[in-house]
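J.: work-v4.cif is the file, holding mmCIF, C-alpha atoms:
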data_run
#
loop_
_atom_site.label_atom_id
_atom_site.label_comp_id
_atom_site.auth_asym_id
_atom_site.auth_seq_id
_atom_site.Cartn_x
_atom_site.Cartn_y
_atom_site.Cartn_z
CA MET A 120 168.29 181.98 97.18
CA SER A 121 170.75 179.16 97.59
CA ASP A 122 172.61 176.91 95.18
CA ILE A 123 174.02 173.41 94.99
CA LEU A 124 177.50 173.38 93.44
CA HIS A 125 179.74 170.54 92.31
CA ARG A 126 182.89 170.00 90.24
CA ILE A 127 183.97 166.72 88.71
CA GLY A 128 186.56 165.87 86.07
CA ALA A 129 186.46 162.96 83.68
CA MET A 130 189.21 161.53 81.49
CA ALA A 131 187.09 161.94 78.38
CA PHE A 132 186.48 164.31 75.47
CA PRO A 133 184.12 167.25 76.03
CA GLU A 134 181.95 166.09 73.12
CA ASP A 135 181.41 162.72 74.79
CA VAL A 136 180.47 164.36 78.10
CA TYR A 137 178.19 166.74 76.20
CA ALA A 138 176.44 163.77 74.54
CA THR A 139 175.58 162.30 77.95
CA LEU A 140 173.85 165.58 78.82
CA THR A 141 171.97 166.18 75.59
CA THR A 142 170.60 162.80 74.52
CA THR A 143 167.92 160.82 76.32
CA ASP A 144 170.04 157.69 75.85
CA GLY A 145 173.06 159.37 77.48
CA LEU A 146 171.01 160.80 80.36
CA ALA A 147 169.39 157.39 80.96
CA ARG A 148 172.82 155.86 81.47
CA TRP A 149 173.88 158.04 84.42
CA TRP A 150 170.85 159.73 86.03
CA THR A 151 167.75 157.61 85.65
CA ALA A 152 167.05 154.74 83.30
CA ASP A 153 163.52 156.11 82.89
CA THR A 154 164.33 159.19 80.78
CA LYS A 155 162.10 160.25 77.91
CA GLY A 156 161.32 163.33 75.86
CA ASP A 157 162.90 165.91 73.63
CA SER A 158 166.43 166.86 74.71
CA ASP A 159 166.89 169.63 72.11
CA PRO A 160 166.68 173.29 73.19
CA GLY A 161 163.04 174.18 73.81
CA GLY A 162 162.13 170.56 74.43
CA VAL A 163 161.13 168.96 77.72
CA VAL A 164 162.78 165.86 79.15
CA ALA A 165 160.91 163.73 81.71
CA PHE A 166 163.10 162.00 84.32
CA ARG A 167 161.27 159.43 86.47
CA PHE A 168 162.39 157.52 89.58
CA GLY A 169 159.65 154.92 90.02
CA GLU A 170 157.28 155.62 92.89
CA ALA A 171 159.42 158.52 94.06
CA GLY A 172 158.18 160.58 91.10
CA GLY A 173 160.55 162.72 89.10
CA PHE A 174 161.28 165.93 87.27
CA ASP A 175 160.41 167.58 83.95
CA MET A 176 163.19 169.75 82.62
CA LYS A 177 162.86 172.30 79.87
CA VAL A 178 166.09 172.59 77.91
CA LEU A 179 166.94 176.31 77.92
CA GLU A 180 170.29 176.18 76.18
CA ALA A 181 172.73 173.66 74.73
CA ARG A 182 176.07 174.89 73.37
CA PRO A 183 178.13 171.95 72.04
CA SER A 184 180.91 170.89 74.42
CA GLU A 185 180.42 174.04 76.51
CA LEU A 186 177.12 174.49 78.29
CA VAL A 187 173.77 172.87 79.00
CA ARG A 188 171.02 174.66 80.92
CA TRP A 189 167.66 173.34 82.12
CA GLU A 190 164.71 174.78 83.99
CA VAL A 191 162.61 172.56 86.22
CA VAL A 192 159.03 172.89 84.96
CA ASP A 193 157.46 170.05 86.97
CA GLY A 194 158.42 167.95 89.99
CA PRO A 195 158.67 168.49 93.76
CA GLU A 196 157.54 171.96 94.77
CA GLU A 197 161.02 172.90 95.99
CA TRP A 198 162.47 172.20 92.54
CA ILE A 199 159.98 174.04 90.36
CA GLY A 200 161.49 177.17 88.85
CA THR A 201 165.04 176.26 89.87
CA GLN A 202 167.67 175.98 87.15
CA ILE A 203 170.42 173.48 86.49
CA ARG A 204 173.54 174.20 84.50
CA PHE A 205 176.53 172.17 83.39
CA ASP A 206 179.55 174.20 82.23
CA LEU A 207 182.16 172.10 80.44
CA LYS A 208 185.81 172.89 79.82
CA ARG A 209 188.95 171.07 78.78
CA GLU A 210 191.98 170.87 81.10
CA GLY A 211 194.68 168.70 79.54
CA GLU A 212 193.26 165.19 79.21
CA TRP A 213 190.34 166.04 81.47
CA THR A 214 186.90 167.42 80.82
CA ILE A 215 185.77 169.43 83.81
CA ILE A 216 182.08 169.81 84.65
CA LEU A 217 181.07 172.73 86.80
CA PHE A 218 177.58 171.91 87.99
CA ARG A 219 175.05 174.30 89.52
CA HIS A 220 171.49 173.70 90.69
CA GLU A 221 170.48 177.28 91.30
CA GLY A 222 167.66 179.18 92.90
CA TRP A 223 166.52 177.10 95.88
CA ARG A 224 164.21 179.32 97.90
CA GLU A 225 165.14 177.74 101.25
CA GLN A 226 167.91 175.52 102.61
CA VAL A 227 165.48 172.74 103.49
CA GLU A 228 166.56 169.24 104.50
CA PHE A 229 165.57 168.02 101.03
CA MET A 230 168.12 170.44 99.53
CA HIS A 231 170.86 168.84 101.68
CA HIS A 232 169.75 165.43 100.36
CA CYS A 233 169.65 166.55 96.72
CA SER A 234 173.16 168.00 97.01
CA THR A 235 174.58 164.64 98.10
CA LYS A 236 172.57 162.77 95.47
CA TRP A 237 173.79 165.12 92.72
CA ALA A 238 177.38 164.33 93.77
CA THR A 239 176.80 160.60 93.45
CA PHE A 240 175.00 161.00 90.11
CA LEU A 241 177.83 163.17 88.76
CA MET A 242 180.25 160.42 89.83
CA SER A 243 177.98 158.07 87.86
CA LEU A 244 178.36 160.34 84.82
CA LYS A 245 182.15 160.33 85.29
CA SER A 246 182.13 156.54 85.47
CA LEU A 247 179.93 156.31 82.37
CA VAL A 248 182.25 158.36 80.15
CA GLU A 249 185.42 156.80 81.57
CA THR A 250 184.38 153.14 81.70
CA GLY A 251 181.14 152.85 79.72
CA GLN A 252 179.18 152.01 82.87
CA GLY A 253 177.19 154.48 84.98
CA GLN A 254 174.94 153.92 88.00
CA PRO A 255 171.61 155.48 87.03
CA ALA A 256 168.45 154.96 89.10
CA PRO A 257 167.23 152.36 89.98
CA TYR A 258 170.85 151.15 90.35
CA ASP A 259 172.02 154.34 92.06
CA VAL A 260 174.10 154.71 95.19
CA LYS A 261 171.92 154.88 98.30
CA VAL A 262 173.00 157.73 100.57
CA SER A 263 170.36 157.49 103.34
CA ASN A 264 166.86 156.36 104.37
CA TRP A 265 165.55 158.77 101.70
CA HIS A 266 167.47 156.79 99.07
CA MET B 212 177.72 184.17 101.72
CA SER B 213 177.16 180.69 100.38
CA ASP B 214 177.00 177.24 101.97
CA ILE B 215 177.74 173.63 101.10
CA LEU B 216 174.97 171.30 102.31
CA HIS B 217 174.73 167.52 102.45
CA ARG B 218 172.55 164.86 104.05
CA ILE B 219 173.55 161.25 104.59
CA GLY B 220 172.06 158.48 106.67
CA ALA B 221 173.90 155.56 108.22
CA MET B 222 172.54 152.35 109.73
CA ALA B 223 174.35 153.01 113.00
CA PHE B 224 173.80 154.47 116.45
CA PRO B 225 174.13 158.24 116.89
CA GLU B 226 176.81 157.72 119.57
CA ASP B 227 178.97 155.77 117.10
CA VAL B 228 178.60 158.46 114.44
CA TYR B 229 179.37 161.10 117.06
CA ALA B 230 182.56 159.23 118.02
CA THR B 231 183.82 159.42 114.42
CA LEU B 232 183.42 163.21 114.57
CA THR B 233 184.92 163.86 118.00
CA THR B 234 187.99 161.62 118.25
CA THR B 235 191.16 161.96 116.21
CA ASP B 236 191.11 158.20 115.65
CA GLY B 237 187.56 158.33 114.30
CA LEU B 238 188.26 161.34 112.07
CA ALA B 239 191.40 159.66 110.73
CA ARG B 240 189.34 156.73 109.54
CA TRP B 241 187.02 158.65 107.21
CA TRP B 242 188.52 162.07 106.35
CA THR B 243 192.29 161.96 106.40
CA ALA B 244 194.62 159.42 107.97
CA ASP B 245 196.87 162.33 109.00
CA THR B 246 194.68 163.79 111.77
CA LYS B 247 196.21 165.09 115.00
CA GLY B 248 195.37 167.42 117.84
CA ASP B 249 192.81 168.04 120.53
CA SER B 250 189.26 167.17 119.48
CA ASP B 251 187.58 168.45 122.66
CA PRO B 252 185.67 171.76 122.61
CA GLY B 253 188.18 174.62 122.54
CA GLY B 254 190.86 172.37 121.06
CA VAL B 255 192.31 172.51 117.55
CA VAL B 256 192.50 169.52 115.23
CA ALA B 257 195.01 169.51 112.34
CA PHE B 258 193.91 167.64 109.21
CA ARG B 259 196.67 167.13 106.63
CA PHE B 260 196.50 165.83 103.04
CA GLY B 261 200.19 165.35 102.12
CA GLU B 262 201.55 167.96 99.72
CA ALA B 263 198.10 169.42 99.23
CA GLY B 264 198.28 170.96 102.72
CA GLY B 265 195.29 170.84 105.01
CA PHE B 266 193.07 172.53 107.55
CA ASP B 267 193.18 173.45 111.24
CA MET B 268 189.76 173.32 112.89
CA LYS B 269 188.88 174.81 116.23
CA VAL B 270 186.17 172.77 117.94
CA LEU B 271 183.44 175.28 118.83
CA GLU B 272 180.84 172.89 120.20
CA ALA B 273 180.29 169.17 120.75
CA ARG B 274 176.94 167.98 122.10
CA PRO B 275 176.91 164.17 122.45
CA SER B 276 174.96 162.45 119.66
CA GLU B 277 173.52 165.78 118.51
CA LEU B 278 175.88 168.41 117.18
CA VAL B 279 179.51 169.13 116.33
CA ARG B 280 180.69 172.54 115.17
CA TRP B 281 184.13 173.63 113.95
CA GLU B 282 185.66 176.86 112.78
CA VAL B 283 188.44 176.83 110.22
CA VAL B 284 191.36 178.69 111.80
CA ASP B 285 194.05 177.82 109.24
CA GLY B 286 194.13 176.42 105.72
CA PRO B 287 193.34 177.70 102.22
CA GLU B 288 192.34 181.36 102.23
CA GLU B 289 188.80 180.55 101.05
CA TRP B 290 188.24 178.28 104.07
CA ILE B 291 189.52 180.52 106.85
CA GLY B 292 186.67 181.79 109.00
CA THR B 293 184.12 179.42 107.49
CA GLN B 294 182.30 177.05 109.82
CA ILE B 295 181.39 173.40 109.57
CA ARG B 296 178.56 171.74 111.42
CA PHE B 297 177.23 168.22 111.73
CA ASP B 298 173.71 167.88 113.13
CA LEU B 299 172.82 164.32 114.09
CA LYS B 300 169.38 162.81 114.61
CA ARG B 301 167.82 159.39 114.87
CA GLU B 302 165.20 158.21 112.35
CA GLY B 303 164.24 154.60 113.05
CA GLU B 304 167.35 152.48 112.55
CA TRP B 305 169.16 155.35 110.86
CA THR B 306 171.35 158.13 112.12
CA ILE B 307 170.96 161.14 109.86
CA ILE B 308 173.77 163.66 109.45
CA LEU B 309 172.87 167.11 108.22
CA PHE B 310 176.15 168.66 107.15
CA ARG B 311 176.84 172.34 106.52
CA HIS B 312 180.05 174.10 105.51
CA GLU B 313 178.90 177.66 105.95
CA GLY B 314 180.11 181.14 105.13
CA TRP B 315 181.95 180.86 101.82
CA ARG B 316 182.52 184.43 100.65
CA GLU B 317 182.34 183.56 96.93
CA GLN B 318 181.11 180.65 94.82
CA VAL B 319 184.59 179.98 93.43
CA GLU B 320 185.49 176.88 91.46
CA PHE B 321 187.25 175.52 94.56
CA MET B 322 183.93 175.67 96.42
CA HIS B 323 182.35 173.48 93.72
CA HIS B 324 185.21 171.01 94.18
CA CYS B 325 184.97 170.99 97.97
CA SER B 326 181.23 170.32 97.80
CA THR B 327 181.77 167.16 95.75
CA LYS B 328 184.68 166.05 97.95
CA TRP B 329 182.60 166.54 101.12
CA ALA B 330 179.95 164.25 99.61
CA THR B 331 182.47 161.50 98.98
CA PHE B 332 184.04 161.91 102.44
CA LEU B 333 180.61 161.74 104.09
CA MET B 334 179.98 158.54 102.14
CA SER B 335 183.31 157.36 103.58
CA LEU B 336 182.01 158.16 107.09
CA LYS B 337 178.81 156.23 106.32
CA SER B 338 180.86 153.26 105.15
CA LEU B 339 183.08 153.44 108.24
CA VAL B 340 180.21 153.24 110.73
CA GLU B 341 178.28 150.65 108.70
CA THR B 342 181.14 148.34 107.69
CA GLY B 343 184.16 149.35 109.78
CA GLN B 344 186.01 150.57 106.68
CA GLY B 345 186.15 154.17 105.46
CA GLN B 346 188.08 155.74 102.60
CA PRO B 347 190.10 158.53 104.20
CA ALA B 348 192.84 160.37 102.32
CA PRO B 349 195.22 159.19 100.89
CA TYR B 350 192.83 156.37 99.93
CA ASP B 351 189.98 158.73 99.05
CA VAL B 352 187.79 158.72 95.96
CA LYS B 353 189.27 160.85 93.18
CA VAL B 354 186.65 163.16 91.67
CA SER B 355 188.78 165.12 89.16
CA ASN B 356 192.24 166.39 88.17
CA TRP B 357 192.25 168.32 91.47
CA HIS B 358 191.89 165.03 93.32
#
Would you give me this structure, written as structure tokens?
T.:
Amino acid sequence: MSDILHRIGAMAFPEDVYATLTTTDGLARWWTADTKGDSDPGGVVAFRFGEAGGFDMKVLEARPSELVRWEVVDGPEEWIGTQIRFDLKREGEWTIILFRHEGWREQVEFMHHCSTKWATFLMSLKSLVETGQGQPAPYDVKVSNWH
Amino acid sequence: MSDILHRIGAMAFPEDVYATLTTTDGLARWWTADTKGDSDPGGVVAFRFGEAGGFDMKVLEARPSELVRWEVVDGPEEWIGTQIRFDLKREGEWTIILFRHEGWREQVEFMHHCSTKWATFLMSLKSLVETGQGQPAPYDVKVSNWH
């Protein structure tokens, strides 16, 4: 098993960062504009990226200003069954997000790609809570020929 | 053991990407402006980031337009003994870089941070070969309170 890890910090309150992770409106403003579903624990959120398809995430846990956990229940084969977690903590004026996309079965080329894309999307989240403006798909940063 | 993985693609020739990985001038234009040393196989390159310190990399292997491998011989304790590799390949008009920073002993918070920073530095490399302008330290993208 292998994991994608990231750490970003935003000059924002933990509750505001938490809101971007636990509401479809918040998620749509940094990850993909096409976000629908039930973002409460037990619900499933559908993230779509046009013709590229997308992911369905079951919300496993949501602890206000502390933790959000998802399980991938539909999407590319490599993603199904993997889990994503966002741990939040306060450090002075910063809210720190420790991000993990855990449980990849193999270190395939697609995993390398997803790691870089997660970094740019987390920078989009940082920008959203700091400036009000994120870069969700289809306005996301292109990192390669795979988008 | 745990690894940081990334994949970026640049609209550039493999030999130009390779040059940014195997010359101190090239490295200084996307990773850190303070880069000195011997970038030939067997040599050691010193990368410095002001008061934050830096890394000494021994060049293990350099295969033109294909592969560059380094071993960290000095720097933060967590980095020493880890290895970094850049695999290059051509896909149409793109040069793809598969990046690996391998052999982390533990998934510490610093590893999360370094993963995100590598993504932004690889985007700096992409920008350098596509536009002539990278964002090396001290002009690098700030991702958190840790820089």
J.: CA of Ser121 (chain A) to CA of Ala330 (chain B): how many Å, to one decimal?
T.: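 Result for CA of Ser121 (chain A) versus CA of Ala330 (chain B): 17.6 Å, one decimal.
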J.: If we count all atoms listed in the file, which residues of chain A reach to within 10 Å of chain B? Please list them as a CSV table (one decimal) with C-alpha atoms, in the frame of the given file.
T.:
chain,number,residue,atom,x,y,z
A,120,MET,CA,168.3,182.0,97.2
A,121,SER,CA,170.8,179.2,97.6
A,122,ASP,CA,172.6,176.9,95.2
A,123,ILE,CA,174.0,173.4,95.0
A,124,LEU,CA,177.5,173.4,93.4
A,125,HIS,CA,179.7,170.5,92.3
A,126,ARG,CA,182.9,170.0,90.2
A,127,ILE,CA,184.0,166.7,88.7
A,128,GLY,CA,186.6,165.9,86.1
A,129,ALA,CA,186.5,163.0,83.7
A,130,MET,CA,189.2,161.5,81.5
A,210,GLU,CA,192.0,170.9,81.1
A,211,GLY,CA,194.7,168.7,79.5
A,212,GLU,CA,193.3,165.2,79.2
A,213,TRP,CA,190.3,166.0,81.5
A,214,THR,CA,186.9,167.4,80.8
A,215,ILE,CA,185.8,169.4,83.8
A,216,ILE,CA,182.1,169.8,84.6
A,217,LEU,CA,181.1,172.7,86.8
A,218,PHE,CA,177.6,171.9,88.0
A,219,ARG,CA,175.0,174.3,89.5
A,226,GLN,CA,167.9,175.5,102.6
A,227,VAL,CA,165.5,172.7,103.5
A,228,GLU,CA,166.6,169.2,104.5
A,229,PHE,CA,165.6,168.0,101.0
A,230,MET,CA,168.1,170.4,99.5
A,231,HIS,CA,170.9,168.8,101.7
A,232,HIS,CA,169.8,165.4,100.4
A,233,CYS,CA,169.6,166.6,96.7
A,234,SER,CA,173.2,168.0,97.0
A,235,THR,CA,174.6,164.6,98.1
A,236,LYS,CA,172.6,162.8,95.5
A,237,TRP,CA,173.8,165.1,92.7
A,238,ALA,CA,177.4,164.3,93.8
A,239,THR,CA,176.8,160.6,93.4
A,241,LEU,CA,177.8,163.2,88.8
A,242,MET,CA,180.2,160.4,89.8
A,245,LYS,CA,182.2,160.3,85.3
A,260,VAL,CA,174.1,154.7,95.2
A,261,LYS,CA,171.9,154.9,98.3
A,262,VAL,CA,173.0,157.7,100.6
A,263,SER,CA,170.4,157.5,103.3
A,264,ASN,CA,166.9,156.4,104.4
A,265,TRP,CA,165.6,158.8,101.7
A,266,HIS,CA,167.5,156.8,99.1
J.: Put chain A on top of chain B with a least-squares fit on all C-alpha atoms, paired in order, and send it back as a compact mmCIF listing (two decimals) with C-alpha atoms, in the coordinates of the input.
T.:
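Done, and the output landed in result-v7.txt:
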# COMPACT_ATOMS: atom_id res chain seq x y z
CA MET A 120 177.72 184.16 101.72
CA SER A 121 177.15 180.68 100.38
CA ASP A 122 177.01 177.24 101.95
CA ILE A 123 177.74 173.63 101.10
CA LEU A 124 174.97 171.31 102.30
CA HIS A 125 174.73 167.54 102.46
CA ARG A 126 172.55 164.85 104.06
CA ILE A 127 173.54 161.24 104.57
CA GLY A 128 172.05 158.47 106.68
CA ALA A 129 173.90 155.57 108.22
CA MET A 130 172.55 152.36 109.73
CA ALA A 131 174.35 153.01 112.99
CA PHE A 132 173.80 154.46 116.46
CA PRO A 133 174.14 158.24 116.89
CA GLU A 134 176.82 157.72 119.55
CA ASP A 135 178.96 155.76 117.10
CA VAL A 136 178.60 158.46 114.43
CA TYR A 137 179.36 161.09 117.07
CA ALA A 138 182.57 159.23 118.02
CA THR A 139 183.82 159.42 114.42
CA LEU A 140 183.41 163.21 114.59
CA THR A 141 184.92 163.85 118.00
CA THR A 142 187.98 161.62 118.25
CA THR A 143 191.15 161.96 116.21
CA ASP A 144 191.12 158.19 115.66
CA GLY A 145 187.55 158.33 114.30
CA LEU A 146 188.26 161.34 112.07
CA ALA A 147 191.42 159.66 110.72
CA ARG A 148 189.34 156.71 109.56
CA TRP A 149 187.03 158.66 107.21
CA TRP A 150 188.52 162.07 106.35
CA THR A 151 192.30 161.96 106.40
CA ALA A 152 194.62 159.43 107.96
CA ASP A 153 196.87 162.33 109.00
CA THR A 154 194.69 163.79 111.78
CA LYS A 155 196.21 165.08 114.99
CA GLY A 156 195.35 167.42 117.84
CA ASP A 157 192.81 168.04 120.54
CA SER A 158 189.25 167.17 119.47
CA ASP A 159 187.58 168.44 122.66
CA PRO A 160 185.68 171.76 122.61
CA GLY A 161 188.19 174.60 122.54
CA GLY A 162 190.87 172.37 121.06
CA VAL A 163 192.31 172.51 117.55
CA VAL A 164 192.50 169.52 115.23
CA ALA A 165 195.01 169.51 112.35
CA PHE A 166 193.91 167.63 109.21
CA ARG A 167 196.66 167.14 106.61
CA PHE A 168 196.52 165.83 103.03
CA GLY A 169 200.18 165.36 102.14
CA GLU A 170 201.56 167.96 99.76
CA ALA A 171 198.10 169.42 99.23
CA GLY A 172 198.26 170.96 102.71
CA GLY A 173 195.27 170.85 105.01
CA PHE A 174 193.07 172.53 107.56
CA ASP A 175 193.17 173.44 111.26
CA MET A 176 189.77 173.32 112.89
CA LYS A 177 188.88 174.80 116.23
CA VAL A 178 186.18 172.77 117.93
CA LEU A 179 183.45 175.28 118.84
CA GLU A 180 180.86 172.90 120.21
CA ALA A 181 180.30 169.18 120.74
CA ARG A 182 176.94 167.99 122.11
CA PRO A 183 176.92 164.18 122.45
CA SER A 184 174.98 162.45 119.66
CA GLU A 185 173.52 165.78 118.52
CA LEU A 186 175.89 168.40 117.19
CA VAL A 187 179.52 169.11 116.35
CA ARG A 188 180.69 172.54 115.19
CA TRP A 189 184.12 173.63 113.96
CA GLU A 190 185.66 176.87 112.78
CA VAL A 191 188.45 176.82 110.22
CA VAL A 192 191.36 178.69 111.80
CA ASP A 193 194.05 177.81 109.24
CA GLY A 194 194.15 176.41 105.71
CA PRO A 195 193.35 177.71 102.21
CA GLU A 196 192.33 181.35 102.24
CA GLU A 197 188.81 180.54 101.04
CA TRP A 198 188.26 178.28 104.06
CA ILE A 199 189.51 180.52 106.84
CA GLY A 200 186.67 181.80 108.99
CA THR A 201 184.12 179.42 107.49
CA GLN A 202 182.28 177.06 109.82
CA ILE A 203 181.39 173.40 109.58
CA ARG A 204 178.55 171.75 111.43
CA PHE A 205 177.24 168.22 111.72
CA ASP A 206 173.70 167.90 113.13
CA LEU A 207 172.80 164.33 114.09
CA LYS A 208 169.37 162.82 114.60
CA ARG A 209 167.81 159.39 114.87
CA GLU A 210 165.20 158.20 112.35
CA GLY A 211 164.24 154.60 113.06
CA GLU A 212 167.36 152.48 112.56
CA TRP A 213 169.16 155.34 110.85
CA THR A 214 171.34 158.13 112.11
CA ILE A 215 170.96 161.14 109.86
CA ILE A 216 173.77 163.66 109.44
CA LEU A 217 172.86 167.11 108.23
CA PHE A 218 176.13 168.66 107.15
CA ARG A 219 176.83 172.34 106.51
CA HIS A 220 180.04 174.10 105.51
CA GLU A 221 178.90 177.67 105.95
CA GLY A 222 180.10 181.13 105.14
CA TRP A 223 181.95 180.88 101.82
CA ARG A 224 182.51 184.44 100.65
CA GLU A 225 182.33 183.56 96.94
CA GLN A 226 181.10 180.64 94.82
CA VAL A 227 184.57 179.98 93.43
CA GLU A 228 185.49 176.86 91.45
CA PHE A 229 187.25 175.51 94.55
CA MET A 230 183.93 175.66 96.42
CA HIS A 231 182.33 173.47 93.71
CA HIS A 232 185.21 171.00 94.17
CA CYS A 233 184.98 170.99 97.97
CA SER A 234 181.23 170.32 97.80
CA THR A 235 181.78 167.16 95.75
CA LYS A 236 184.69 166.06 97.94
CA TRP A 237 182.61 166.55 101.11
CA ALA A 238 179.95 164.25 99.61
CA THR A 239 182.48 161.50 98.97
CA PHE A 240 184.04 161.91 102.43
CA LEU A 241 180.60 161.75 104.08
CA MET A 242 179.98 158.53 102.13
CA SER A 243 183.31 157.37 103.59
CA LEU A 244 182.01 158.17 107.08
CA LYS A 245 178.80 156.23 106.32
CA SER A 246 180.86 153.27 105.15
CA LEU A 247 183.07 153.46 108.24
CA VAL A 248 180.20 153.25 110.73
CA GLU A 249 178.28 150.66 108.70
CA THR A 250 181.12 148.34 107.69
CA GLY A 251 184.15 149.34 109.78
CA GLN A 252 185.99 150.56 106.69
CA GLY A 253 186.15 154.17 105.47
CA GLN A 254 188.09 155.74 102.60
CA PRO A 255 190.11 158.53 104.21
CA ALA A 256 192.87 160.38 102.33
CA PRO A 257 195.23 159.20 100.90
CA TYR A 258 192.83 156.37 99.93
CA ASP A 259 189.99 158.73 99.04
CA VAL A 260 187.80 158.73 95.96
CA LYS A 261 189.28 160.87 93.19
CA VAL A 262 186.65 163.15 91.68
CA SER A 263 188.77 165.13 89.16
CA ASN A 264 192.23 166.39 88.15
CA TRP A 265 192.23 168.32 91.46
CA HIS A 266 191.91 165.00 93.31
J.: If we draw a sphere of 12 Å around (157.3, 171.5, 91.3), which residues have at least one atom in it when counting only C-alpha atoms? Please report them as a compact mmCIF listing (two decimals) with C-alpha atoms, in the coordinates of the input.
T.:
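This went into part_7.txt:
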# COMPACT_ATOMS: atom_id res chain seq x y z
CA GLY A 172 158.18 160.58 91.10
CA GLY A 173 160.55 162.72 89.10
CA PHE A 174 161.28 165.93 87.27
CA ASP A 175 160.41 167.58 83.95
CA MET A 176 163.19 169.75 82.62
CA GLU A 190 164.71 174.78 83.99
CA VAL A 191 162.61 172.56 86.22
CA VAL A 192 159.03 172.89 84.96
CA ASP A 193 157.46 170.05 86.97
CA GLY A 194 158.42 167.95 89.99
CA PRO A 195 158.67 168.49 93.76
CA GLU A 196 157.54 171.96 94.77
CA GLU A 197 161.02 172.90 95.99
CA TRP A 198 162.47 172.20 92.54
CA ILE A 199 159.98 174.04 90.36
CA GLY A 200 161.49 177.17 88.85
CA THR A 201 165.04 176.26 89.87
CA TRP A 223 166.52 177.10 95.88
J.: For the atom pair CA of Ala230 (chain B) and CA of Gly314 (chain B), what is the interatomic distance in Å to one decimal place?
T.: 25.5 Å
J.: What gap, in Å, lies between CA of Ala171 (chain A) and CA of Asp144 (chain A)?
T.: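 Value for the CA of Ala171 (chain A)-CA of Asp144 (chain A) distance: 21.1 Å.
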J.: Find the smallest box with edges along x, y and z containing every listed atom of region 175-188 of chain A, then add 4 Å on each side and report centre and edge lengths in Å to one decimal, as lines of an AutoDock Vina configuration file.
T.:
center_x = 170.7
center_y = 171.9
center_z = 78.0
size_x = 28.5
size_y = 16.7
size_z = 19.9
J.: Near region 259-261 of chain B, counting all atoms listed in the file, which residues have an atom at most 9 Å away, once you skip same-chain residues fewer than 5 positions from it, shown as a short mmCIF file (atom, residue, chain, number, x, y, z; two decimals) with C-alpha atoms, keeping the file's coordinate frame?
T.:
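Final output, selection_8.cif:
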data_model
loop_
_atom_site.label_atom_id
_atom_site.label_comp_id
_atom_site.auth_asym_id
_atom_site.auth_seq_id
_atom_site.Cartn_x
_atom_site.Cartn_y
_atom_site.Cartn_z
CA THR B 243 192.29 161.96 106.40
CA ALA B 244 194.62 159.42 107.97
CA ASP B 245 196.87 162.33 109.00
CA THR B 246 194.68 163.79 111.77
CA LYS B 247 196.21 165.09 115.00
CA PHE B 266 193.07 172.53 107.55
CA ASP B 267 193.18 173.45 111.24
CA ALA B 348 192.84 160.37 102.32
CA PRO B 349 195.22 159.19 100.89
#
J.: For Arg182 (chain A), find every residue with an atom within 10 Å (counting all atoms listed in the file), except residues of its own chain fewer than 3 positions away, and show them as a list of chain:residue names.
T.: A:Tyr137, A:Thr141, A:Pro160, A:Glu185, A:Leu186, A:Val187, A:Arg188, A:Asp206, A:Leu207
J.: So that I can see what lies close to Gly248 (chain B), please list as a PyMOL selection string the residues with an atom at most 7 Å from it, counting all atoms listed in the file and leaving out residues fewer than 3 positions away in the same chain.
T.: chain B and resi 255-257
J.: Residues picked by the PyMOL selection byres ((chain B and resi 227) around 10) here, as a short mmCIF file (atom, residue, chain, number, x, y, z; two decimals) with C-alpha atoms, keeping the file's coordinate frame?
T.:
data_model
loop_
_atom_site.label_atom_id
_atom_site.label_comp_id
_atom_site.auth_asym_id
_atom_site.auth_seq_id
_atom_site.Cartn_x
_atom_site.Cartn_y
_atom_site.Cartn_z
CA ALA B 223 174.35 153.01 113.00
CA PHE B 224 173.80 154.47 116.45
CA PRO B 225 174.13 158.24 116.89
CA GLU B 226 176.81 157.72 119.57
CA VAL B 228 178.60 158.46 114.44
CA TYR B 229 179.37 161.10 117.06
CA ALA B 230 182.56 159.23 118.02
CA THR B 231 183.82 159.42 114.42
CA LEU B 232 183.42 163.21 114.57
CA GLY B 237 187.56 158.33 114.30
CA SER B 276 174.96 162.45 119.66
CA THR B 306 171.35 158.13 112.12
CA VAL B 340 180.21 153.24 110.73
CA GLU B 341 178.28 150.65 108.70
#
J.: Could you check which residues have any atom within 7 Å of (168.6, 171.8, 76.5), counting only C-alpha atoms with coordinates taken straight from the file, and then list them as a list in words?
T.: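 Checking each residue against the 7 Å limit leaves Thr141, Ser158, Asp159, Pro160, Gly161, Gly162, Lys177, Val178, Leu179, Glu180, Ala181, Val187, Arg188 and Trp189 of chain A.
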